[in-house]
Amino acid sequence: MTKIGLKAGARKKRRLYFLLTSIAVLGLAALLVLSALEDSIRLFYDPTEIVEKNIGPGQNFRLGGLVEEESFESREVAGILINHFVVTDGNESVAVTYEGLLPDLFREGQGVVAEGSMNEDGVFVASEVLAKHDETYMPKEVVDSLKKRGEWQRKAAETHPQDKAL
Amino acid sequence: MHKFANPARFMRLSKIFLPWFMGLTILLFASGLYYAFFLAPEDYQMGNTYRIIYIHVPAAYMAQFGYGIIAVASAVGFIWKHPLADQAARATAPLGAGFTALALLTGSLWGKPMWGTYWIWDARLTSMLILFFIYLGYMAVWETIEDQVKAAKIAAIVALVGIINVVIIKFSVDWWNTLHQPATLMRLDGPTIGGDMLTALLLMIGAFNMFFITTLIWRIQSLILRRRVRALRMQLGGGQG
């Protein structure tokens, strides 16, 4: 290909097409790589996947879901706080135990991500518990008065059922 | 667009606009900070801690806004060979890198009390860190390659390839499960924040944006002047220095 023969306009057009095609090709390559790595990019598994995959004891992984309402229980044994709660995605649920302090945002009905492994009894023994919060911001007063009138619902979970497990 | 691509005209116009932009920046920061700290109420879950979003969210937006400018300017510079476009892209990079660092830092400080950790390798946090490294790499190309025409070309290619990462940042919270929450503002069914909280956030985003643009104009001016100084020196000293 001779460059000298081309007019300036044709060269500009050629550079434009070069850019567009390279970005399209690179984008496609990135898409393929990312979809191949799906399993390692995701941060956690939800209880349904854990039941389906039947992950054996001793294997380390992260579990994510909502803390089931009225499932949280905490005891102090010899100065160490032992917490029990159930993580659910609305379909399946997994019992969790964790020794230590929980983050501020840990609450029943809230999202949580725990790292650890299953024990012989099918209970998830967590070595670390992180709280996940949703994207909704609301004034305290508004929520208090909604609660008083009995109209408070977890809005995010209501309107985005697909986000429920997240 | 071609009119503004002339450096002399850019210098003339930017001198007129700059004081206005500065004034608007100060005004937006004053009202935004007042809203953020006095008028916006406490969050029902996070109390006062959530107020870090008034720094974190605008900084993260500017990290990507900066990249958008670099990408567009690089494409214009690469295809149409406008020297001003190359200079604009180059001038944006340190600003974008700074805001990326600020977003990572404030997010980390927020993560400790709320999530329980400073850092986690989830898709959002990791892709943001990669953005920071792309900025640094882009700046390194400009610094290490002596020949400015060649440097502009290679930097433009680096910048345009990096666009893929910006797309990944935006959708990381939708494509994979992450510890970072999904979008609050830019979502199809409207923002999940309202009232004074939303006003404060929008004002702060506006303030950060005007600050970004004002500083960018400054930086482009000084890059243009530096080029002129170099050209004059070449004429005088016969190519030394």
# chains A, B, ... in the order shown; residues from 1 in each chain; ligands from 1
>>> residues_around(residues="stretch 113-122 of chain B", least_positions_apart="6", cutoff="12 Å", atoms="only C-alpha atoms", output="VMD selection string")
(chain A and resid 40 to 44 62 100 to 107 110 to 115 128 to 134) or (chain B and resid 45 to 50 52 104 to 107 128 to 130 169 172 to 173 175 to 181)
>>> select_by_dssp(residues="stretch 22-151 of chain B", states="alpha helix (DSSP H)", output="ChimeraX atom specification")
/B:22-34,53-80,83-114,123-144,148-151
>>> closest_residue(among="A:Leu37, A:Val77, A:Val87, A:Ile50", to="chain B", atoms="only C-alpha atoms")
A:Leu37
>>> residues_around(residues="A:Glu76", least_positions_apart="5", cutoff="10 Å", atoms="only C-alpha atoms", output="PDB file with N, CA and C atoms, in the first residue's frame")
ATOM      1  N   LEU A  81     -17.158 -13.641  71.423  1.00  0.00           N
ATOM      2  CA  LEU A  81     -18.524 -13.529  70.938  1.00  0.00           C
ATOM      3  C   LEU A  81     -18.760 -14.574  69.842  1.00  0.00           C
ATOM      4  N   ILE A  82     -19.761 -15.446  70.077  1.00  0.00           N
ATOM      5  CA  ILE A  82     -20.075 -16.437  69.049  1.00  0.00           C
ATOM      6  C   ILE A  82     -21.436 -16.108  68.450  1.00  0.00           C
ATOM      7  N   ASN A  83     -21.449 -15.859  67.116  1.00  0.00           N
ATOM      8  CA  ASN A  83     -22.675 -15.442  66.442  1.00  0.00           C
ATOM      9  C   ASN A  83     -23.215 -16.574  65.577  1.00  0.00           C
ATOM     10  N   GLU A  99     -17.137 -16.278  64.901  1.00  0.00           N
ATOM     11  CA  GLU A  99     -16.588 -15.801  66.166  1.00  0.00           C
ATOM     12  C   GLU A  99     -15.948 -14.454  65.950  1.00  0.00           C
ATOM     13  N   GLY A 100     -16.406 -13.453  66.695  1.00  0.00           N
ATOM     14  CA  GLY A 100     -15.775 -12.136  66.592  1.00  0.00           C
ATOM     15  C   GLY A 100     -16.786 -11.027  66.424  1.00  0.00           C
TER      16      GLY A 100
END
>>> select_by_dssp(residues="stretch 26-103 of chain A", states="strand (DSSP E)", output="ChimeraX atom specification")
/A:61-67,73-77,80-88,93-99
>>> write_last_selection(atoms="N, CA, C and O atoms", output="short mmCIF file (atom, residue, chain, number, x, y, z; two decimals), in the first residue's frame")
data_model
loop_
_atom_site.label_atom_id
_atom_site.label_comp_id
_atom_site.auth_asym_id
_atom_site.auth_seq_id
_atom_site.Cartn_x
_atom_site.Cartn_y
_atom_site.Cartn_z
N PHE A 61 -14.59 -20.63 50.43
CA PHE A 61 -15.27 -19.80 49.43
C PHE A 61 -16.05 -18.70 50.14
O PHE A 61 -16.06 -18.63 51.37
N ARG A 62 -16.66 -17.80 49.35
CA ARG A 62 -17.47 -16.73 49.94
C ARG A 62 -18.96 -17.00 49.71
O ARG A 62 -19.36 -17.39 48.63
N LEU A 63 -19.71 -16.75 50.76
CA LEU A 63 -21.16 -16.94 50.72
C LEU A 63 -21.81 -15.57 50.84
O LEU A 63 -21.42 -14.75 51.66
N GLY A 64 -22.82 -15.30 49.99
CA GLY A 64 -23.49 -14.01 50.07
C GLY A 64 -24.99 -14.16 50.03
O GLY A 64 -25.52 -15.07 49.39
N GLY A 65 -25.69 -13.27 50.72
CA GLY A 65 -27.15 -13.30 50.73
C GLY A 65 -27.67 -12.39 51.81
O GLY A 65 -26.94 -11.56 52.35
N LEU A 66 -28.97 -12.52 52.12
CA LEU A 66 -29.56 -11.70 53.17
C LEU A 66 -29.57 -12.48 54.47
O LEU A 66 -29.78 -13.69 54.48
N VAL A 67 -29.36 -11.77 55.59
CA VAL A 67 -29.48 -12.40 56.90
C VAL A 67 -30.97 -12.60 57.16
O VAL A 67 -31.74 -11.64 57.12
N GLU A 73 -28.45 -14.83 66.54
CA GLU A 73 -28.31 -15.15 67.95
C GLU A 73 -26.84 -14.99 68.30
O GLU A 73 -25.97 -15.38 67.54
N SER A 74 -26.57 -14.39 69.47
CA SER A 74 -25.18 -14.14 69.83
C SER A 74 -24.95 -14.51 71.29
O SER A 74 -25.72 -14.12 72.17
N ARG A 75 -23.89 -15.27 71.54
CA ARG A 75 -23.56 -15.66 72.92
C ARG A 75 -22.10 -15.32 73.18
O ARG A 75 -21.27 -15.38 72.27
N GLU A 76 -21.80 -15.03 74.43
CA GLU A 76 -20.41 -14.80 74.78
C GLU A 76 -19.90 -16.00 75.56
O GLU A 76 -20.43 -16.34 76.61
N VAL A 77 -18.89 -16.66 75.02
CA VAL A 77 -18.30 -17.81 75.71
C VAL A 77 -16.84 -17.50 75.99
O VAL A 77 -16.05 -17.31 75.06
N ILE A 80 -15.30 -14.57 74.23
CA ILE A 80 -15.36 -14.53 72.76
C ILE A 80 -16.82 -14.54 72.33
O ILE A 80 -17.63 -15.33 72.82
N LEU A 81 -17.16 -13.64 71.42
CA LEU A 81 -18.52 -13.53 70.94
C LEU A 81 -18.76 -14.57 69.84
O LEU A 81 -18.04 -14.62 68.86
N ILE A 82 -19.76 -15.45 70.08
CA ILE A 82 -20.08 -16.44 69.05
C ILE A 82 -21.44 -16.11 68.45
O ILE A 82 -22.43 -16.03 69.16
N ASN A 83 -21.45 -15.86 67.12
CA ASN A 83 -22.68 -15.44 66.44
C ASN A 83 -23.21 -16.57 65.58
O ASN A 83 -22.46 -17.25 64.89
N HIS A 84 -24.54 -16.75 65.63
CA HIS A 84 -25.21 -17.70 64.74
C HIS A 84 -26.25 -16.94 63.94
O HIS A 84 -26.99 -16.14 64.49
N PHE A 85 -26.30 -17.19 62.64
CA PHE A 85 -27.38 -16.62 61.84
C PHE A 85 -27.55 -17.43 60.56
O PHE A 85 -26.75 -18.33 60.29
N VAL A 86 -28.62 -17.15 59.84
CA VAL A 86 -28.92 -17.90 58.63
C VAL A 86 -28.85 -16.95 57.45
O VAL A 86 -29.39 -15.84 57.50
N VAL A 87 -28.14 -17.33 56.39
CA VAL A 87 -28.08 -16.53 55.16
C VAL A 87 -28.99 -17.16 54.13
O VAL A 87 -28.94 -18.37 53.88
N THR A 88 -29.87 -16.33 53.54
CA THR A 88 -30.85 -16.84 52.61
C THR A 88 -30.86 -16.03 51.32
O THR A 88 -30.44 -14.87 51.31
N SER A 93 -31.35 -21.68 52.07
CA SER A 93 -30.66 -20.94 53.12
C SER A 93 -29.56 -21.80 53.74
O SER A 93 -29.60 -23.03 53.69
N VAL A 94 -28.56 -21.11 54.30
CA VAL A 94 -27.40 -21.77 54.87
C VAL A 94 -27.16 -21.19 56.27
O VAL A 94 -27.18 -19.97 56.44
N ALA A 95 -26.96 -22.08 57.27
CA ALA A 95 -26.67 -21.63 58.63
C ALA A 95 -25.20 -21.24 58.73
O ALA A 95 -24.35 -21.89 58.14
N VAL A 96 -24.92 -20.16 59.47
CA VAL A 96 -23.56 -19.64 59.57
C VAL A 96 -23.19 -19.45 61.04
O VAL A 96 -24.03 -19.04 61.84
N THR A 97 -21.96 -19.78 61.40
CA THR A 97 -21.46 -19.37 62.71
C THR A 97 -20.21 -18.54 62.50
O THR A 97 -19.45 -18.77 61.55
N TYR A 98 -20.03 -17.56 63.39
CA TYR A 98 -18.88 -16.66 63.25
C TYR A 98 -18.43 -16.20 64.63
O TYR A 98 -19.26 -15.78 65.44
N GLU A 99 -17.14 -16.28 64.90
CA GLU A 99 -16.59 -15.80 66.17
C GLU A 99 -15.95 -14.45 65.95
O GLU A 99 -15.06 -14.31 65.11
#
>>> atom_distance(atom1="atom CA of A:Glu68", atom2="atom CA of A:Glu108")
5.9 Å
>>> closest_residue(among="A:Glu135, A:Leu146, A:Glu70, A:Ile55", to="A:Ser117", atoms="only C-alpha atoms")
A:Ile55
>>> residues_around(residues="stretch 74-89 of chain B", least_positions_apart="2", cutoff="9 Å", atoms="only C-alpha atoms", output="PyMOL selection string")
(chain A and resi 11-16+19) or (chain B and resi 2+4-7+10+66-67+69-72+91-93+149+152-153+155-157+159-160+216-217+219-220+223-224)
>>> residues_around(residues="B:Leu185", least_positions_apart="2", cutoff="10 Å", atoms="only C-alpha atoms", output="PyMOL selection string")
(chain A and resi 135-136) or (chain B and resi 57+182-183+187-194+198+201-202)
